[in-house]
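**Q** Dropping the structure in here first, questions after.
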Amino acid sequence: MSQSGRVRPARRRAATAAVLLLGTLIVLAGCSAQQRDDWSRLALPEPATEETPLIGNLWVGAWVAAFAVGVLVWGLIIWAVIAYRRRDDELPKQTRFNIPIEFLYTVAPLFVIVPLFWFTADHQEKITELSDDPDVTIGVIGQQWSWTFNYMDEEAHDIGTINDRPTLYLPVGQTVRFDLMSPDVIHSFWIPAFYMKMDVIPGHPNAFQVTPDREGSYVGRCAELCGAYHQSMLFNVEVVSEQEYQDHIDALREAGQDTIIEPPIRGAYDDEVLDDENTGGDHE
């Protein structure tokens, strides 16, 4: 093949790459600011606490590192396919050992693993740090198959059932500590908009804290397969003003829910579960 014949495919490949890049830029330019913001979070929901940047940055950084490694590997594969493609029947030189290359692919992963490990450990320490005097303390009991929320500072509680999901009220702008406990199996307390979840383990209380900084309605769920009706372990979260929070506490007290519930409390749900099993109740 002539020199000009070899140049044309290279030019066509470059033109194709340029067209793809231009098309990508046009698509991105046509997106709204909100869509670009959603893409920048790489599938994470809109953040709702002061602590979310720690987790969000770690998530995005991990994806950036993964893409960088992927592009490098794909580039090397494509380069090897093109540069060492078969041209004739002569076999290429066979090399049994190549110490520099073996050293490279042994050491190179450390440049990826070490930064990821360091940032993960550093962020984890900050995320799980607890203050000695939080503004609000919520005792969370995860039981098969719902949640109980104790407002420890207010001496009030809210109990959910398998067919009646509870609603957790939190005051905006105040540090909230969650004390997690379970009387039966392992659950996982998860509010996606808070970017945080933690296991609820029998006999091993866990705790974490967040500071909600945006009023709104959110969803929470159990993120650990915990039995037959795991899908029923849903709850609502309302981040409200201080006045609305106090109004809710007053409503709980007026309804007679002016005590702190201590686990175990499984007996309160067994009869309902049996009734639903016998009548074919809907547990969604």
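Following the order of the structure tokens, chains are lettered A, B, ..., residues in each are numbered from 1, and ligands are numbered from 1.
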May I have the residues within 12 Å of Gln231 of chain A as a ChimeraX atom specification, using only C-alpha atoms and disregarding those fewer than 4 positions away in the same chain?

**A** /A:144-146,162-163,165,187,220-227,235,282-284

**Q** Next, dump the selected residues to file, keeping only C-alpha atoms, as a compact mmCIF listing (two decimals), in the first residue's frame.

**A**
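Dumped everything to selection.txt:
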```txt
# COMPACT_ATOMS: atom_id res chain seq x y z
CA GLN A 144 -39.16 -6.32 61.29
CA TRP A 145 -40.70 -4.61 59.38
CA SER A 146 -40.90 -0.90 60.13
CA ILE A 162 -45.87 -2.78 58.19
CA ASN A 163 -48.81 -1.02 56.48
CA ARG A 165 -44.99 4.05 57.23
CA HIS A 187 -31.21 -3.45 59.04
CA GLY A 220 -35.96 6.76 53.66
CA ARG A 221 -35.68 3.01 53.52
CA CYS A 222 -33.92 -0.06 54.80
CA ALA A 223 -30.95 -0.89 52.59
CA GLU A 224 -30.31 -4.36 54.04
CA LEU A 225 -32.35 -7.43 53.06
CA CYS A 226 -33.96 -8.17 56.42
CA GLY A 227 -36.71 -10.71 55.81
CA PHE A 235 -40.38 5.93 55.95
CA ASP A 282 -50.92 -5.85 50.44
CA HIS A 283 -47.47 -5.06 51.87
CA GLU A 284 -46.23 -2.55 49.34
```

**Q** What lies within 9 Å of segment 168-185 of chain A using only C-alpha atoms, ignoring chain neighbours under 2 positions off, as a PyMOL selection string?

**A** chain A and resi 49-50+130-131+133-144+149+158+166+187+189+198-215+226-227+235-246+248-249+263-266

**Q** Any chance you could list, as a PyMOL selection string, the residues in segment 48-196 of chain A that come up helix (DSSP H, G or I) when DSSP is run on the backbone?

**A** chain A and resi 52-83+99-107+110-127+192-194
